[in-house]
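Just below is one structure, and these are the notes that go with it.
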Amino acid sequence: MTEKLEIVRGSGNVFRDFGDPNPDLEQTRAMLAAKIIGVLDARELSVRAAESLTGVAASEFSRIRNVKLERFTIDRMITFLGKLDQDVELTVKVQPRRKRMHEAPSRTTTRPPAGRNTPSSGPRAKSPPSAP
């Protein structure tokens, strides 16, 4: 018997889809790491050769290759790309966040049908007057 799967459209950022607290930062780090790894692979550079070429410790390139990115800032990774003779162009777009499909819908209050006597359908208690 086959199980029916539900198709869910992602946001375009896997870190956001899985609830990471800093999804945009993590996605940017991952993209920069992929570019660094791509340059190393295209030039067939080992981490030791990359160290000799750039002056960046081989252990740093090893961390990037192993996707241990938490200790890297975006500007540091851009610096690595510069040392690998790469020009980096960033585009920043700031806008209000859109509601995401995976978030719970906002709560709305509805009134029960007229004539039903429920605690929520009665008049609201008045607030006591504020002290002067």
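Simple scheme: letters A, B, ... for chains in structure tokens order, numbers from 1 for residues in each chain, numbers from 1 for ligands in the order shown.
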Skipping near chain neighbours, those fewer than 4 positions away, what residues fall within 10 Å of Gly12 (chain A) using only C-alpha atoms, listed as a list in words?
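Once the nearby chain positions are removed, what remains is Arg16, Asp17 and Gln27 of chain A.
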With C-alpha atoms retained, could you export that selection as a tab-separated table (two decimals), in the first residue's frame?
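Contents of the output file again.tsv:
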chain	number	residue	atom	x	y	z
A	16	ARG	CA	13.41	29.46	7.80
A	17	ASP	CA	11.35	26.40	6.87
A	27	GLN	CA	21.39	31.09	4.31
I want to know what sits within 12 Å of region 88-101 of chain A, based on only C-alpha atoms, with residues of the same chain fewer than 3 positions away left out; could you give that as a list in words?
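So, after excluding close chain neighbours, the residues are Val8, Arg9, Gly10, Ser11, Gly12, Asn13, Arg16, Asp17, Gly19, Asp24, Thr28, Met31, Leu32, Lys35, Ile36, Ile74, Asp75, Met77, Ile78, Thr79, Phe80, Leu81, Gly82, Lys83, Leu84, Asp85, Ala104, Pro105 and Ser106 of chain A.
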Coordinates-based distance that separates CA of Gln86 (chain A) from CA of Ala30 (chain A) (Å, one decimal):
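We find that CA of Ala30 (chain A) and CA of Gln86 (chain A) lie 16.8 Å from each other.
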Could you give me, as a PyMOL selection string, the residues within 8 Å of Ala33 (chain A), counting only C-alpha atoms and dropping anything in the same chain fewer than 4 positions from it?
chain A and resi 29+37+64-65+67+69+77
Go ahead and save the picked residues with C-alpha atoms, as a CSV table (one decimal), in the first residue's frame.
chain,number,residue,atom,x,y,z
A,29,ARG,CA,26.7,31.9,5.2
A,37,ILE,CA,34.2,25.6,-1.9
A,64,ILE,CA,34.1,25.7,5.5
A,65,ARG,CA,34.4,22.5,3.6
A,67,VAL,CA,30.0,23.2,6.8
A,69,LEU,CA,30.0,27.8,9.7
A,77,MET,CA,33.8,35.0,4.4
DSSP on the backbone, then: every residue of region 31-70 of chain A marked alpha helix (DSSP H), written as a PyMOL selection string.
chain A and resi 31-42+47-54+58-65
Go ahead and save the residues from that selection, with C-alpha atoms, as a compact mmCIF listing (two decimals), in the first residue's frame.
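Output (result.txt):
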# COMPACT_ATOMS: atom_id res chain seq x y z
CA MET A 31 25.73 30.60 0.00
CA LEU A 32 29.15 32.17 0.65
CA ALA A 33 30.56 28.83 1.81
CA ALA A 34 29.31 27.21 -1.40
CA LYS A 35 31.11 29.89 -3.44
CA ILE A 36 34.34 29.41 -1.47
CA ILE A 37 34.16 25.63 -1.92
CA GLY A 38 33.40 26.14 -5.62
CA VAL A 39 36.52 28.26 -6.09
CA LEU A 40 38.68 25.74 -4.22
CA ASP A 41 37.28 22.90 -6.33
CA ALA A 42 37.59 24.78 -9.63
CA VAL A 47 43.09 23.49 2.20
CA ARG A 48 46.89 23.67 2.59
CA ALA A 49 47.31 25.17 -0.88
CA ALA A 50 44.52 27.66 -0.13
CA GLU A 51 46.36 28.61 3.08
CA SER A 52 49.59 29.26 1.14
CA LEU A 53 47.73 31.33 -1.44
CA THR A 54 45.61 33.44 0.93
CA ALA A 58 43.98 25.71 6.47
CA SER A 59 41.74 24.85 9.43
CA GLU A 60 39.40 27.69 8.42
CA PHE A 61 39.01 26.30 4.90
CA SER A 62 38.54 22.85 6.40
CA ARG A 63 35.69 24.15 8.59
CA ILE A 64 34.05 25.71 5.54
CA ARG A 65 34.39 22.48 3.56
